[in-house]
2 protein chains.
Amino acid sequence: MNCRNLGEFCENEAKGVVQSLVLDSEKGELVKASGRVEKKIGKSEGKTIAALKSHSEAERRRRQRINAHLSTLRNLVPSSDKMDKAALLAEVVRQVKQLKETATHDSERFFIPLDSDEIKVEIIAENAIDGTCLFRASVCCEYRTHLLSDLKQTINSLHVNLVKSEISTLGSRVKNVFLFTNSIHGGGGCATIQARDIFLSSVRQAFSSVLDKVSAFPEYSAYPNKRQRVSCFDSSSLLF
Amino acid sequence: MNCRNLGEFCENEAKGVVQSLVLDSEKGELVKASGRVEKKIGKSEGKTIAALKSHSEAERRRRQRINAHLSTLRNLVPSSDKMDKAALLAEVVRQVKQLKETATHDSERFFIPLDSDEIKVEIIAENAIDGTCLFRASVCCEYRTHLLSDLKQTINSLHVNLVKSEISTLGSRVKNVFLFTNSIHGGGGCATIQARDIFLSSVRQAFSSVLDKVSAFPEYSAYPNKRQRVSCFDSSSLLF
DNA sequence: AGGGACACGTGAACC
DNA sequence: TGGTTCACGTGTCCC
């Protein structure tokens, strides 16, 4: 059946008698169609046919455009074959949200040190079995001499298993990010939530004292006289 | 006009005479509709009406579902108000591609060192005016003594402006990522594409020779006797 | 007017 | 069979 709503027109157009069925959505029942069709046909049939035709063709093009984008989305989303349109879009929403999440998270993790000092210690992942946790500690501060060796000593004193270390600089500001676990050389993790919280705050405290050192002993400052915001700061001397 | 395709049914159902118009898409002309409607109405009008009604309601729900996802996508995508559906989807495609790009790029940048040695030097960004480029060089290899100081010497010898350095470890493998520009202390960048390519390959060559050092002089190896794949590798001694 | 965009009801196909 | 998905042509609104 190729026939659509305008069927029988060719034979009936001479008579000018065309009727159609409508399911009225408000009243919930089938009602009369308008008489407009007959009137228009009476006026200029050719015009109406041409308009109808171009209209439906335009609509088909529109559908093709939309569906083309839908199918490229389908290719972008893994294992989205045999998903219907709604499910596909739902999955796309999920993906976009998640990608945005990790993107902002990453940029927060890796990019420019801020002007304000900051110490952040958080749990990234947790092993449910032995209580081993993966931690991420970030320390953002002004550079000073011995900052890195102080941080190293701090890490060592915490007896954690350092997994990853990142250093980035902007001007005289420096940001250090450490990933570490609390299971050193195969040992267990924090047994209880309380122990974990105590550990977290002790890590924060340890890094805090590294930052406090410069205020307590100003001779540690790299720029004793005045805070310097120069961009020609030699990062290579800091990074090794 | 509330009327739809099934209009006039209520008054006409007693007569059983219903006609509809179809624009035949293949022939490109208006043709007769099938007589099925009349037959069915003759059989059991109530059934047909109920089926039609639930069908159109289901279809409406489907449309609502799709449009709901579309509008949440609209909220996720910046400045996508007043975009039509196709444009919105096109923008979503663009975003997803870009997010995936940076996501894989970032994870590639920041995560685990691979088992195979790798040297990669690429241009991240380019200043069209003075030809200054931002480069990213990554070196992935087995750790050995003096690796970091060798890399530092290499960076220094290239006379580049080091912007950022990252080091990550997995077992005895180590991955170093350097971001740097070729405009040292305000100097200009590479004038031509050829100069840039020469610079790129010289950087690659420089890092290569650092990696070759261990094979040429085995005494540099951290594990002279046999390649060791232990995970208790003390990364903290490497990272500072 | 005339073309674009949208929601609608419908026919067909698939479980 | 009912239920669900899709493409289609159409009515309507807006520029």
# chains A, B, ... in the order shown; residues from 1 in each chain; ligands from 1
$ residues_around --residues "C:DA7" --least-positions-apart "4" --cutoff "12 Å" --atoms "only C-alpha atoms (C1' of nucleotides)" --output "MDAnalysis selection string"
(chainID A and resid 25) or (chainID B and resid 4 56 59:64 67) or (chainID D and resid 10:13)
$ write_last_selection --atoms "C-alpha atoms (C1' of nucleotides)" --output "short mmCIF file (atom, residue, chain, number, x, y, z; two decimals), in the first residue's frame"
data_model
loop_
_atom_site.label_atom_id
_atom_site.label_comp_id
_atom_site.auth_asym_id
_atom_site.auth_seq_id
_atom_site.Cartn_x
_atom_site.Cartn_y
_atom_site.Cartn_z
CA SER A 25 -7.19 14.98 20.60
CA ARG B 4 -7.11 16.14 11.84
CA SER B 56 -2.04 7.99 18.62
CA GLU B 59 2.83 7.91 19.54
CA ARG B 60 2.38 11.14 21.43
CA ARG B 61 4.13 9.65 24.46
CA ARG B 62 6.96 8.54 22.24
CA ARG B 63 7.33 12.03 20.84
CA GLN B 64 7.32 13.47 24.34
CA ASN B 67 11.64 15.73 22.89
"C1'" DT D 10 -0.43 17.07 6.74
"C1'" DG D 11 -2.14 21.30 9.50
"C1'" DT D 12 -0.46 25.18 11.62
"C1'" DC D 13 2.38 28.75 13.09
#
$ interface_residues --of "chain C" --to "chain B" --cutoff "8 Å" --atoms "only C-alpha atoms (C1' of nucleotides)" --output "count of residues only"
3
$ closest_atom_pairs --of "chain D" --to "chain A" --cutoff "10 Å" --atoms "only C-alpha atoms (C1' of nucleotides)" --output "tab-separated table"
residue	atom	partner	partner_atom	distance
D:DT5	C1'	A:Asp84	CA	7.4
D:DC6	C1'	A:Asp84	CA	9.3
D:DA7	C1'	A:Arg63	CA	8.6
D:DC8	C1'	A:Arg4	CA	8.0
D:DG9	C1'	A:Ser56	CA	6.0
D:DT10	C1'	A:Ser56	CA	8.1
$ residues_around --residues "C:DG4" --least-positions-apart "6" --cutoff "9 Å" --atoms "only C-alpha atoms (C1' of nucleotides)" --output "JSON, numbers by chain"
{"A": [58], "D": [14, 15]}
$ closest_residue --among "A:Ser172, A:Ser201, A:Gln194, A:Ser80" --to "A:Cys140" --atoms "only C-alpha atoms"
A:Ser172
$ select_by_dssp --residues "stretch 59-204 of chain A" --states "alpha helix (DSSP H)" --output "count of residues only"
68
$ closest_residue --among "A:Val139, A:Leu211, A:Ala51, A:Leu89" --to "chain B" --atoms "only C-alpha atoms"
A:Leu89
$ closest_residue --among "A:Lys47, A:Arg196, A:Lys213, A:Lys100" --to "chain B" --atoms "only C-alpha atoms"
A:Lys100
$ closest_residue --among "B:Thr48, B:Ser54, B:Val92, B:Thr181" --to "A:His69" --atoms "only C-alpha atoms"
B:Val92
$ atom_distance --atom1 "atom CA of A:Ser165" --atom2 "atom CA of A:Phe178"
4.6 Å
$ atom_distance --atom1 "atom CA of B:Ile198" --atom2 "atom CA of B:Arg144"
28.9 Å
$ select_by_dssp --residues "stretch 31-167 of chain A" --states "strand (DSSP E or B)" --output "tab-separated table (two decimals) with C-alpha atoms, in the first residue's frame"
chain	number	residue	atom	x	y	z
A	31	VAL	CA	-14.67	14.46	14.25
A	32	LYS	CA	-15.34	16.18	10.95
A	118	GLU	CA	45.13	25.42	48.63
A	119	ILE	CA	45.52	22.01	50.16
A	120	LYS	CA	43.13	19.29	49.12
A	121	VAL	CA	43.20	15.64	50.07
A	122	GLU	CA	40.54	13.32	48.77
A	123	ILE	CA	39.79	9.68	48.12
A	124	ILE	CA	39.74	8.76	44.46
A	125	ALA	CA	39.03	5.06	44.69
A	126	GLU	CA	38.59	2.42	47.31
A	133	CYS	CA	42.36	3.60	49.13
A	134	LEU	CA	43.73	5.67	46.30
A	135	PHE	CA	44.24	9.24	47.45
A	136	ARG	CA	44.83	12.45	45.61
A	137	ALA	CA	46.50	15.31	47.39
A	138	SER	CA	47.02	18.68	45.75
A	139	VAL	CA	49.07	21.47	47.18
A	140	CYS	CA	49.01	24.87	45.53
A	141	CYS	CA	51.26	27.60	46.84
A	142	GLU	CA	53.98	30.11	46.10
A	144	ARG	CA	60.01	28.76	47.75
A	161	ASN	CA	52.77	4.31	48.44
A	162	LEU	CA	53.30	7.14	45.95
A	163	VAL	CA	51.79	6.25	42.60
A	164	LYS	CA	52.04	9.46	40.67
A	165	SER	CA	53.35	12.97	41.08
A	166	GLU	CA	52.59	16.01	38.96
A	167	ILE	CA	54.04	19.46	39.11
$ residues_around --residues "A:Gln98" --least-positions-apart "4" --cutoff "12 Å" --atoms "only C-alpha atoms (C1' of nucleotides)" --output "list in words"
Glu91, Val92, Val93, Arg94, Thr102, Ala103, Thr104 and His105 of chain A; Leu76, Val96, Leu99, Lys100 and Ala103 of chain B
